[in-house]
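> The structure file structure36.txt (compact mmCIF, C-alpha atoms) is provided below.
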# COMPACT_ATOMS: atom_id res chain seq x y z
CA MET A 60 2.54 38.07 -2.37
CA ALA A 61 0.45 34.98 -1.70
CA ARG A 62 0.38 33.81 1.89
CA ILE A 63 -0.88 30.88 3.94
CA THR A 64 -3.44 32.19 6.38
CA ALA A 65 -4.80 29.02 7.98
CA GLY A 66 -4.63 25.27 8.10
CA ILE A 67 -7.55 22.93 8.51
CA THR A 68 -7.58 19.22 9.22
CA THR A 69 -10.62 17.01 9.01
CA SER A 70 -11.56 13.39 8.50
CA HIS A 71 -13.08 12.65 5.09
CA ILE A 72 -15.38 9.69 5.69
CA PRO A 73 -17.53 8.72 2.66
CA ALA A 74 -20.62 8.02 4.81
CA VAL A 75 -20.49 11.65 5.96
CA GLY A 76 -20.86 12.71 2.33
CA ALA A 77 -23.72 10.28 1.88
CA ALA A 78 -25.46 11.64 5.01
CA ILE A 79 -25.22 15.17 3.59
CA ASP A 80 -26.36 14.13 0.11
CA MET A 81 -29.36 12.21 1.51
CA GLU A 82 -30.26 15.01 3.95
CA ARG A 83 -29.78 12.83 7.02
CA THR A 84 -27.63 15.26 9.02
CA GLU A 85 -30.40 15.90 11.58
CA GLU A 86 -30.81 12.22 12.45
CA PRO A 87 -29.75 11.31 16.02
CA TYR A 88 -26.77 9.25 14.80
CA TRP A 89 -25.34 12.10 12.71
CA LYS A 90 -26.48 15.25 14.48
CA PRO A 91 -23.70 15.45 17.13
CA MET A 92 -21.04 14.96 14.45
CA PHE A 93 -22.36 17.67 12.16
CA ALA A 94 -22.89 20.01 15.12
CA GLY A 95 -19.13 19.83 15.61
CA TYR A 96 -18.71 21.68 12.31
CA ASP A 97 -21.18 24.52 13.02
CA PHE A 98 -18.39 26.75 14.31
CA SER A 99 -16.21 25.91 11.29
CA LYS A 100 -18.94 26.76 8.75
CA GLN A 101 -19.34 30.16 10.38
CA TRP A 102 -15.58 30.68 10.68
CA ILE A 103 -14.93 29.93 7.02
CA LYS A 104 -17.65 32.35 5.91
CA GLU A 105 -15.52 35.06 7.49
CA ASN A 106 -12.24 33.50 6.37
CA THR A 107 -12.95 32.18 2.88
CA PRO A 108 -9.64 31.55 1.11
CA ASP A 109 -8.96 32.44 -2.51
CA VAL A 110 -7.35 29.03 -2.89
CA ALA A 111 -7.37 25.90 -0.72
CA ILE A 112 -4.57 23.38 -1.24
CA ILE A 113 -6.36 20.17 -0.25
CA ILE A 114 -4.16 17.25 0.72
CA TYR A 115 -6.10 14.02 0.45
CA ASN A 116 -5.86 10.51 -0.85
CA ASP A 117 -7.64 8.93 -3.73
CA HIS A 118 -9.49 5.76 -2.69
CA ALA A 119 -9.16 3.71 -5.86
CA SER A 120 -11.51 6.24 -7.43
CA TYR A 121 -9.38 7.91 -10.10
CA PHE A 122 -6.05 6.09 -9.77
CA GLY A 123 -6.18 2.36 -10.41
CA MET A 124 -3.18 0.15 -9.83
CA GLU A 125 -1.57 1.10 -13.17
CA ILE A 126 -0.08 4.27 -11.70
CA MET A 127 0.32 5.02 -7.99
CA PRO A 128 1.90 8.45 -7.49
CA THR A 129 3.37 9.12 -4.05
CA PHE A 130 2.75 12.88 -4.27
CA ALA A 131 0.75 14.50 -7.08
CA MET A 132 -0.71 17.90 -7.85
CA GLY A 133 -3.75 18.81 -9.92
CA ILE A 134 -2.97 21.83 -12.08
CA ALA A 135 -6.12 21.83 -14.25
CA ASP A 136 -8.88 24.49 -14.55
CA LYS A 137 -11.42 22.14 -13.04
CA PHE A 138 -11.81 18.70 -11.52
CA GLU A 139 -14.84 16.52 -12.16
CA ILE A 140 -16.37 14.30 -9.46
CA CYS A 141 -15.62 10.55 -9.47
CA ASP A 142 -18.16 7.77 -9.53
CA GLU A 143 -16.87 5.65 -6.62
CA GLY A 144 -19.30 2.83 -7.25
CA TYR A 145 -22.45 4.37 -5.77
CA GLY A 146 -22.81 7.01 -8.51
CA LYS A 147 -21.29 10.51 -8.40
CA ARG A 148 -21.84 12.71 -5.35
CA PRO A 149 -24.24 15.51 -6.34
CA VAL A 150 -21.76 18.29 -5.57
CA PRO A 151 -20.44 21.09 -7.79
CA VAL A 152 -17.43 20.57 -10.01
CA VAL A 153 -14.27 21.71 -8.23
CA GLU A 154 -12.61 24.77 -9.75
CA GLY A 155 -8.81 24.67 -9.97
CA ALA A 156 -6.20 27.41 -9.54
CA PRO A 157 -3.93 26.61 -12.49
CA GLU A 158 -1.55 29.58 -12.20
CA LEU A 159 -0.69 29.00 -8.54
CA ALA A 160 -0.74 25.20 -9.02
CA THR A 161 1.70 25.40 -11.93
CA HIS A 162 4.02 27.61 -9.89
CA LEU A 163 3.76 25.25 -6.91
CA ALA A 164 4.34 22.04 -8.86
CA ALA A 165 7.38 23.56 -10.60
CA SER A 166 8.78 24.97 -7.34
CA LEU A 167 8.35 21.71 -5.50
CA ILE A 168 10.01 19.66 -8.23
CA LEU A 169 12.96 22.06 -8.27
CA ASP A 170 13.11 21.65 -4.47
CA ASP A 171 13.53 17.87 -4.97
CA PHE A 172 9.90 16.87 -4.31
CA ASP A 173 9.18 14.78 -7.40
CA MET A 174 5.52 15.66 -7.84
CA THR A 175 3.43 13.83 -10.41
CA VAL A 176 1.75 16.52 -12.53
CA LEU A 177 -1.96 15.97 -13.17
CA ASN A 178 -3.54 17.86 -16.07
CA VAL A 179 -6.61 15.65 -15.71
CA LEU A 180 -7.97 14.48 -12.36
CA GLU A 181 -11.36 13.45 -11.03
CA VAL A 182 -11.71 13.95 -7.28
CA ASP A 183 -13.37 11.64 -4.77
CA HIS A 184 -14.82 11.83 -1.25
CA GLY A 185 -11.34 12.40 0.18
CA LEU A 186 -11.49 15.93 -1.25
CA THR A 187 -15.23 16.65 -1.53
CA VAL A 188 -16.34 15.55 1.95
CA PRO A 189 -14.07 18.10 3.69
CA MET A 190 -15.45 20.78 1.33
CA SER A 191 -19.03 19.79 2.19
CA LEU A 192 -18.24 19.84 5.92
CA MET A 193 -16.77 23.34 5.69
CA PHE A 194 -19.02 24.92 3.04
CA GLY A 195 -22.28 22.98 3.30
CA THR A 196 -24.22 22.50 0.07
CA PRO A 197 -23.66 25.54 -2.16
CA ASP A 198 -24.47 25.60 -5.91
CA LYS A 199 -20.88 26.61 -6.54
CA TRP A 200 -17.86 26.15 -4.23
CA PRO A 201 -16.71 29.50 -2.82
CA THR A 202 -12.99 28.76 -3.24
CA LYS A 203 -10.60 27.51 -5.87
CA VAL A 204 -8.79 24.29 -5.07
CA ILE A 205 -5.40 22.72 -5.72
CA PRO A 206 -5.77 18.98 -5.12
CA LEU A 207 -2.68 17.29 -3.71
CA PRO A 208 -3.23 13.52 -3.68
CA VAL A 209 -0.86 11.43 -1.56
CA ASN A 210 -0.47 7.67 -1.66
CA VAL A 211 -1.48 6.46 1.77
CA VAL A 212 -3.13 3.28 0.49
CA MET A 213 -0.11 1.18 -0.53
CA TYR A 214 2.94 0.61 1.71
CA PRO A 215 5.44 2.23 1.52
CA GLN A 216 3.64 5.50 1.99
CA PRO A 217 5.86 8.59 2.19
CA SER A 218 7.44 9.02 5.62
CA GLY A 219 6.18 11.51 8.17
CA GLU A 220 9.42 13.48 7.80
CA ARG A 221 8.91 13.72 4.05
CA CYS A 222 5.33 14.90 4.49
CA PHE A 223 6.32 17.53 7.03
CA ALA A 224 9.17 18.73 4.78
CA LEU A 225 6.78 18.93 1.81
CA GLY A 226 4.54 21.20 3.86
CA LYS A 227 7.48 23.49 4.59
CA ALA A 228 8.33 23.59 0.88
CA ILE A 229 4.72 24.45 0.04
CA ARG A 230 4.92 27.40 2.43
CA ARG A 231 8.08 28.73 0.77
CA ALA A 232 6.62 28.26 -2.71
CA VAL A 233 3.33 30.01 -1.87
CA GLU A 234 5.24 32.98 -0.45
CA GLN A 235 7.21 33.25 -3.70
CA PHE A 236 4.05 33.64 -5.80
CA ASP A 237 3.55 37.26 -6.78
CA GLU A 238 -0.23 37.50 -6.84
CA ASP A 239 -1.85 38.64 -3.60
CA LEU A 240 -3.75 35.51 -2.59
CA ASN A 241 -5.18 34.19 0.66
CA VAL A 242 -4.26 30.48 0.70
CA GLN A 243 -5.31 27.77 3.12
CA VAL A 244 -3.83 24.29 3.41
CA TRP A 245 -6.15 21.45 4.37
CA GLY A 246 -4.90 18.08 5.60
CA THR A 247 -7.60 15.43 5.41
CA GLY A 248 -8.17 11.82 6.48
CA GLY A 249 -7.95 9.97 9.78
CA MET A 250 -8.36 9.73 12.62
CA SER A 251 -8.02 6.21 14.00
CA HIS A 252 -9.86 3.68 11.87
CA GLN A 253 -9.47 0.25 10.39
CA ILE A 254 -11.88 -0.95 7.74
CA GLN A 255 -10.52 -4.41 7.04
CA GLY A 256 -9.85 -7.71 8.75
CA ALA A 257 -10.89 -9.12 12.11
CA ARG A 258 -9.55 -6.00 13.89
CA ALA A 259 -11.88 -3.67 11.91
CA GLY A 260 -13.62 -1.00 13.93
CA LEU A 261 -10.52 -0.13 15.95
CA ILE A 262 -10.65 3.31 17.56
CA ASN A 263 -7.92 4.70 19.82
CA GLU A 264 -9.15 7.96 21.30
CA PRO A 265 -6.22 8.64 23.70
CA TRP A 266 -3.78 8.18 20.81
CA ASP A 267 -5.86 10.45 18.52
CA ARG A 268 -6.02 13.22 21.12
CA LYS A 269 -2.28 13.04 21.75
CA PHE A 270 -1.71 13.19 17.98
CA MET A 271 -3.72 16.41 17.77
CA ASP A 272 -1.81 17.91 20.72
CA ASP A 273 1.53 17.02 19.16
CA LEU A 274 0.49 18.22 15.72
CA VAL A 275 -0.27 21.62 17.21
CA ASN A 276 2.65 21.92 19.64
CA ASP A 277 5.37 19.45 18.77
CA PRO A 278 5.31 18.58 15.05
CA GLU A 279 9.12 18.54 14.88
CA ASN A 280 9.06 15.35 16.96
CA LEU A 281 5.76 14.01 15.65
CA GLN A 282 7.18 13.81 12.13
CA TYR A 283 9.41 10.87 13.14
CA LYS A 284 6.53 8.58 14.14
CA PRO A 285 7.00 5.42 12.05
CA HIS A 286 4.28 3.97 9.79
CA LEU A 287 4.17 0.87 12.01
CA GLU A 288 3.02 2.90 15.00
CA TYR A 289 0.18 4.50 13.02
CA MET A 290 -0.91 1.09 11.78
CA ILE A 291 -0.84 -0.58 15.21
CA GLU A 292 -2.23 2.29 17.29
CA ALA A 293 -4.53 4.09 14.83
CA GLY A 294 -5.47 1.15 12.60
CA SER A 295 -4.37 0.19 9.11
CA GLU A 296 -6.22 3.15 7.57
CA GLY A 297 -5.18 5.53 10.39
CA VAL A 298 -1.89 5.98 8.52
CA GLU A 299 -3.77 8.63 6.49
CA LEU A 300 -2.85 10.97 9.34
CA ILE A 301 0.58 11.52 7.78
CA MET A 302 -1.28 13.92 5.46
CA TRP A 303 -2.00 16.22 8.43
CA LEU A 304 1.77 16.71 8.77
CA ILE A 305 1.89 18.32 5.30
CA MET A 306 -0.68 20.88 6.44
CA ARG A 307 1.25 21.48 9.66
CA GLY A 308 4.57 21.94 7.85
CA ALA A 309 2.95 24.64 5.71
CA LEU A 310 1.91 26.73 8.74
CA GLY A 311 5.37 27.52 10.13
CA GLU A 312 6.88 26.98 13.52
CA LYS A 313 4.15 28.17 15.90
CA VAL A 314 0.39 28.15 15.49
CA ASP A 315 -2.73 29.29 17.28
CA GLU A 316 -5.43 26.70 17.74
CA VAL A 317 -8.69 28.30 16.67
CA TYR A 318 -10.90 25.24 16.99
CA ARG A 319 -10.83 21.54 17.80
CA PHE A 320 -13.47 18.81 17.53
CA TYR A 321 -13.36 15.07 18.13
CA HIS A 322 -16.20 12.57 17.79
CA VAL A 323 -16.76 8.80 17.61
CA PRO A 324 -18.15 7.28 15.47
CA ALA A 325 -18.87 8.19 11.90
CA SER A 326 -19.35 4.89 10.14
CA ASN A 327 -16.13 2.97 11.04
CA THR A 328 -14.10 6.02 11.95
CA ALA A 329 -13.10 8.57 14.60
CA VAL A 330 -13.69 12.13 13.38
CA GLY A 331 -11.01 14.71 14.16
CA HIS A 332 -11.00 18.34 13.09
CA LEU A 333 -8.70 21.30 13.73
CA ILE A 334 -8.51 24.90 12.56
CA LEU A 335 -5.06 26.44 13.05
CA THR A 336 -3.58 29.79 12.10
CA PRO A 337 0.10 30.68 11.84
CA LYS A 338 1.35 32.65 14.83
CA GLU A 339 2.81 35.94 13.68
CA ASP A 340 6.48 36.40 14.65
CA MET B 262 16.55 1.92 2.89
CA LYS B 263 15.72 -1.78 2.71
CA PRO B 264 11.96 -2.28 2.99
CA ASP B 265 10.72 -4.35 5.91
CA PHE B 266 7.49 -6.07 4.94
CA GLU B 267 7.72 -8.49 7.87
CA GLN B 268 7.17 -5.76 10.47
CA PHE B 269 3.40 -5.73 9.85
CA LYS B 270 2.83 -9.45 10.29
CA ASP B 271 2.46 -9.31 14.06
CA ILE B 272 -0.58 -6.98 13.88
CA PRO B 273 -3.60 -9.18 14.63
CA GLY B 274 -6.56 -9.30 12.25
CA THR B 275 -4.87 -6.94 9.80
CA THR B 276 -3.53 -7.23 6.26
CA ILE B 277 -1.27 -4.33 5.32
CA PHE B 278 -1.53 -3.62 1.59
CA THR B 279 2.12 -3.51 0.58
CA ILE B 280 3.68 -3.06 -2.84
CA GLU B 281 4.11 -6.87 -2.82
CA TYR B 282 0.40 -7.45 -2.21
CA ALA B 283 -0.33 -4.86 -4.91
CA ARG B 284 1.49 -7.06 -7.45
CA LYS B 285 -0.37 -10.15 -6.34
CA GLY B 286 -3.74 -8.42 -6.43
CA PHE B 287 -3.25 -6.36 -9.59
CA TRP B 288 -5.98 -7.94 -11.72
CA LEU B 289 -8.38 -8.39 -8.81
CA ASN B 290 -8.07 -4.69 -8.05
CA GLN B 291 -8.30 -3.72 -11.73
CA PHE B 292 -11.53 -5.74 -12.03
CA CYS B 293 -12.83 -3.72 -9.06
CA MET B 294 -11.89 -0.46 -10.79
CA SER B 295 -14.00 -1.47 -13.78
CA LEU B 296 -17.08 -1.24 -11.55
CA ARG B 297 -16.86 2.56 -11.47
CA THR B 298 -19.37 2.76 -14.31
CA GLU B 299 -23.06 1.92 -14.01
CA ALA B 300 -22.96 -0.08 -17.26
CA ASN B 301 -20.25 -2.39 -15.90
CA ARG B 302 -21.94 -2.72 -12.50
CA LYS B 303 -25.10 -3.91 -14.26
CA ARG B 304 -23.21 -6.33 -16.48
CA PHE B 305 -21.26 -7.74 -13.50
CA LEU B 306 -24.36 -8.27 -11.37
CA ALA B 307 -26.27 -9.83 -14.27
CA ASN B 308 -23.67 -12.56 -14.77
CA GLU B 309 -20.83 -12.43 -12.27
CA ARG B 310 -18.96 -15.53 -13.43
CA GLU B 311 -18.93 -14.41 -17.06
CA TYR B 312 -17.75 -10.92 -16.12
CA LEU B 313 -14.98 -12.25 -13.87
CA ASP B 314 -13.75 -14.58 -16.62
CA GLU B 315 -12.89 -11.50 -18.70
CA TRP B 316 -10.11 -10.70 -16.19
CA GLN B 317 -6.72 -12.38 -15.67
CA MET B 318 -7.59 -13.24 -12.07
CA THR B 319 -6.72 -16.47 -10.28
CA GLU B 320 -9.55 -18.92 -9.68
CA GLU B 321 -9.18 -18.30 -5.93
CA GLN B 322 -9.64 -14.56 -6.47
CA LYS B 323 -12.72 -15.13 -8.63
CA GLN B 324 -14.26 -17.55 -6.12
CA ALA B 325 -13.61 -15.11 -3.26
CA VAL B 326 -15.49 -12.42 -5.21
CA LEU B 327 -18.40 -14.77 -5.95
CA ASP B 328 -18.52 -15.74 -2.25
CA ARG B 329 -18.13 -12.08 -1.14
CA ASP B 330 -15.36 -13.40 1.10
CA PHE B 331 -13.58 -10.09 1.67
CA GLN B 332 -10.91 -11.55 3.96
CA LYS B 333 -9.96 -14.03 1.24
CA MET B 334 -9.83 -11.15 -1.26
CA LEU B 335 -7.44 -9.30 1.09
CA ASP B 336 -5.31 -12.44 1.42
CA ASN B 337 -5.11 -12.55 -2.38
CA GLY B 338 -3.89 -8.99 -2.83
CA GLY B 339 -7.16 -7.07 -2.77
CA ASN B 340 -7.28 -3.68 -1.10
CA VAL B 341 -10.41 -2.57 0.69
CA TYR B 342 -10.78 0.68 -1.28
CA PHE B 343 -10.76 -1.32 -4.50
CA LEU B 344 -12.99 -4.04 -3.04
CA SER B 345 -15.49 -1.36 -2.00
CA LYS B 346 -16.52 -1.13 -5.66
CA ILE B 347 -17.95 -4.66 -5.36
CA PHE B 348 -20.19 -3.89 -2.39
CA ALA B 349 -20.97 -0.40 -3.69
CA SER B 350 -22.34 -1.99 -6.87
CA GLU B 351 -24.92 -3.71 -4.64
CA GLY B 352 -25.59 -0.54 -2.63
CA ILE B 353 -24.04 -2.05 0.53
CA SER B 354 -22.32 0.32 2.97
CA TYR B 355 -18.73 0.13 4.22
CA VAL B 356 -19.99 -0.68 7.73
CA GLU B 357 -22.00 -3.66 6.53
CA ALA B 358 -19.25 -5.05 4.30
CA VAL B 359 -16.51 -4.44 6.87
CA SER B 360 -18.49 -6.15 9.64
CA THR B 361 -18.40 -9.42 7.65
CA MET B 362 -14.63 -9.60 8.21
CA THR B 363 -15.04 -9.52 12.00
CA ASP B 364 -16.50 -11.94 14.54
CA SER B 365 -19.47 -9.62 15.06
CA THR B 366 -22.87 -9.53 13.44
CA LEU B 367 -23.76 -6.29 11.66
CA GLU B 368 -25.89 -5.15 14.62
CA GLU B 369 -23.15 -6.00 17.12
CA TYR B 370 -20.57 -4.20 14.99
CA LYS B 371 -22.71 -1.05 14.68
CA GLN B 372 -23.27 -1.05 18.44
CA MET B 373 -19.54 -1.48 19.07
CA MET B 374 -18.87 1.63 16.96
CA ILE B 375 -21.55 3.65 18.75
CA ASP B 376 -19.99 2.56 22.05
CA GLY B 377 -16.63 4.02 21.00
CA GLY B 378 -15.23 1.44 18.60
CA ARG B 379 -13.05 -1.60 19.12
CA ASN B 380 -10.82 -1.09 22.15
CA ILE B 381 -7.18 -1.51 21.18
CA GLU B 382 -6.28 -3.32 24.41
CA GLY B 383 -5.48 -6.89 23.44
CA TRP B 384 -5.33 -6.05 19.72
CA ARG B 385 -1.78 -4.76 19.36
CA SER B 386 0.15 -7.96 18.81
CA LYS B 387 -0.44 -11.52 17.70
CA LYS B 388 2.29 -12.65 20.08
CA GLU B 389 0.46 -11.04 23.01
CA ARG B 390 -2.72 -12.81 21.93
CA GLY B 391 -0.96 -16.15 21.62
CA GLU B 392 -1.72 -16.24 17.87
CA ALA B 393 1.91 -16.32 16.70
Take the structure in the file and write it out as structure tokens.

Amino acid sequence: MARITAGITTSHIPAVGAAIDMERTEEPYWKPMFAGYDFSKQWIKENTPDVAIIIYNDHASYFGMEIMPTFAMGIADKFEICDEGYGKRPVPVVEGAPELATHLAASLILDDFDMTVLNVLEVDHGLTVPMSLMFGTPDKWPTKVIPLPVNVVMYPQPSGERCFALGKAIRRAVEQFDEDLNVQVWGTGGMSHQIQGARAGLINEPWDRKFMDDLVNDPENLQYKPHLEYMIEAGSEGVELIMWLIMRGALGEKVDEVYRFYHVPASNTAVGHLILTPKED
Amino acid sequence: MKPDFEQFKDIPGTTIFTIEYARKGFWLNQFCMSLRTEANRKRFLANEREYLDEWQMTEEQKQAVLDRDFQKMLDNGGNVYFLSKIFASEGISYVEAVSTMTDSTLEEYKQMMIDGGRNIEGWRSKKERGEA
């Protein structure tokens, strides 16, 4: 039986990817941020999953405005890297997990989550920056990946309740897959940031820290936070944090907090990072 | 559930990209998507006006692009992730482009971020700020 062994959340800021690609991680501006992931890099060496389900959003990199899926799942063998306007990130192609992904997409649709099925998908910094933060710069990624893009760019985004419920459905579906696989669920994006308008640069550290506390200990209430509150308190782009609720839903009722990191700034954004494991009953 | 697009209008200095804005900005955003290839980036930068005229954009949208007036692009249905393709084509960072929408210079904006970002106090509501 496949099982979910851990959940990870992390911001996915494009400038972080650029700093890695240009070997600037030791510079004074970046060093404290990357140091916050030293523990995680070591931890994941000892806890490398067979498959990571990575929940992220596309940033007008693969999806244009022709089609805007609310929830989608990449079921292909591999996912090429997008050119987001600066040229492609020099990172390995992402290997898919088509058997598990096909099972998951079918299970979720039958459970009334109307997933858009992606047989072709190019992935952007939303997915590759978290991989770089966790795995560094390998020639080949050490895990297979199921990309799960969520629309967080255009209102209405899916509600927090819907995201949390999707996570729960992912957990059930993974446990119904016969192959013995170690699966992690990663929720990416956030934390507070706004990258548009006169209010750009907004950071709300007390709100971010409370969000992490509630995600760990009180997700059943956190799921009801309305979009408007995210947008006011965490900035227009802070609404990405609804994706962390999908990860949390997939971990079950109680979790152990293995690691937490918070740092300001990376580019325009507050960096938040958690490693959680399901608490055994 | 009936959508409430009005609820976002009290947030100061913020344009929430709704499904309504997405309609308005469709061609502006599609033009931006075309800049995902090096060949198109080169062609755009070589003759911006000519390139823009290939798209069904409004004159106001085209002029905002030519002026690199990102706030005006937002007002006309642009979304910042799409608009990023314009400044990426010139090798400009998010921080630099984003700072142009604020009252700060680039250096002031960078320093504000290093100092912990823009404090939310006073930035929750237009009504509170006397802007509405």
> Could you list, as a PyMOL selection string, every residue of chain B that has an atom within 6 Å of an atom of chain A, counting all atoms listed in the file?
chain B and resi 274-275+278-280+297+342-343+346+349-350+359+362-363+374-375+377-379+385
> If I wrap all listed atoms of range 255-265 of chain A in a box with edges along x, y and z and add 6 Å on each side, what are its centre and edge lengths in Å to one decimal, as AutoDock Vina command-line options?

--center_x -9.9 --center_y -0.2 --center_z 15.4 --size_x 19.4 --size_y 29.8 --size_z 28.7
> Which residues are near Trp288 in chain B? Cut-off 12 Å, only C-alpha atoms, ignore same chain within fewer than 4 positions. Put them as a PDB file with C-alpha atoms, in the coordinates of the input.

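In the end it all went to part_20.pdb:
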ATOM      1  CA  GLY A 123      -6.180   2.360 -10.410  1.00  0.00           C
ATOM      2  CA  MET A 124      -3.180   0.150  -9.830  1.00  0.00           C
ATOM      3  CA  GLU A 125      -1.570   1.100 -13.170  1.00  0.00           C
TER       4      GLU A 125
ATOM      5  CA  TYR B 282       0.400  -7.450  -2.210  1.00  0.00           C
ATOM      6  CA  ALA B 283      -0.330  -4.860  -4.910  1.00  0.00           C
ATOM      7  CA  ARG B 284       1.490  -7.060  -7.450  1.00  0.00           C
ATOM      8  CA  PHE B 292     -11.530  -5.740 -12.030  1.00  0.00           C
ATOM      9  CA  CYS B 293     -12.830  -3.720  -9.060  1.00  0.00           C
ATOM     10  CA  MET B 294     -11.890  -0.460 -10.790  1.00  0.00           C
ATOM     11  CA  SER B 295     -14.000  -1.470 -13.780  1.00  0.00           C
ATOM     12  CA  LEU B 313     -14.980 -12.250 -13.870  1.00  0.00           C
ATOM     13  CA  ASP B 314     -13.750 -14.580 -16.620  1.00  0.00           C
ATOM     14  CA  GLU B 315     -12.890 -11.500 -18.700  1.00  0.00           C
ATOM     15  CA  TRP B 316     -10.110 -10.700 -16.190  1.00  0.00           C
ATOM     16  CA  GLN B 317      -6.720 -12.380 -15.670  1.00  0.00           C
ATOM     17  CA  MET B 318      -7.590 -13.240 -12.070  1.00  0.00           C
ATOM     18  CA  THR B 319      -6.720 -16.470 -10.280  1.00  0.00           C
ATOM     19  CA  GLU B 320      -9.550 -18.920  -9.680  1.00  0.00           C
ATOM     20  CA  GLN B 322      -9.640 -14.560  -6.470  1.00  0.00           C
ATOM     21  CA  LYS B 323     -12.720 -15.130  -8.630  1.00  0.00           C
ATOM     22  CA  MET B 334      -9.830 -11.150  -1.260  1.00  0.00           C
ATOM     23  CA  ASN B 337      -5.110 -12.550  -2.380  1.00  0.00           C
ATOM     24  CA  GLY B 338      -3.890  -8.990  -2.830  1.00  0.00           C
ATOM     25  CA  GLY B 339      -7.160  -7.070  -2.770  1.00  0.00           C
ATOM     26  CA  ASN B 340      -7.280  -3.680  -1.100  1.00  0.00           C
ATOM     27  CA  PHE B 343     -10.760  -1.320  -4.500  1.00  0.00           C
ATOM     28  CA  LEU B 344     -12.990  -4.040  -3.040  1.00  0.00           C
TER      29      LEU B 344
END
> With distances taken over all atoms listed in the file, which of A:Ala111, A:Leu300, A:Leu310, A:Ala160 is nearest to Met193 in chain A?
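Closest to Met193 in chain A, using all atoms listed in the file: A:Ala111.
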> I'd like the neighbourhood of Asp171 in chain A as a VMD selection string, where a residue qualifies if any of its atoms comes within 10 Å (using all atoms listed in the file), though same-chain residues fewer than 5 positions away should be ignored.
chain A and resid 166 225 228
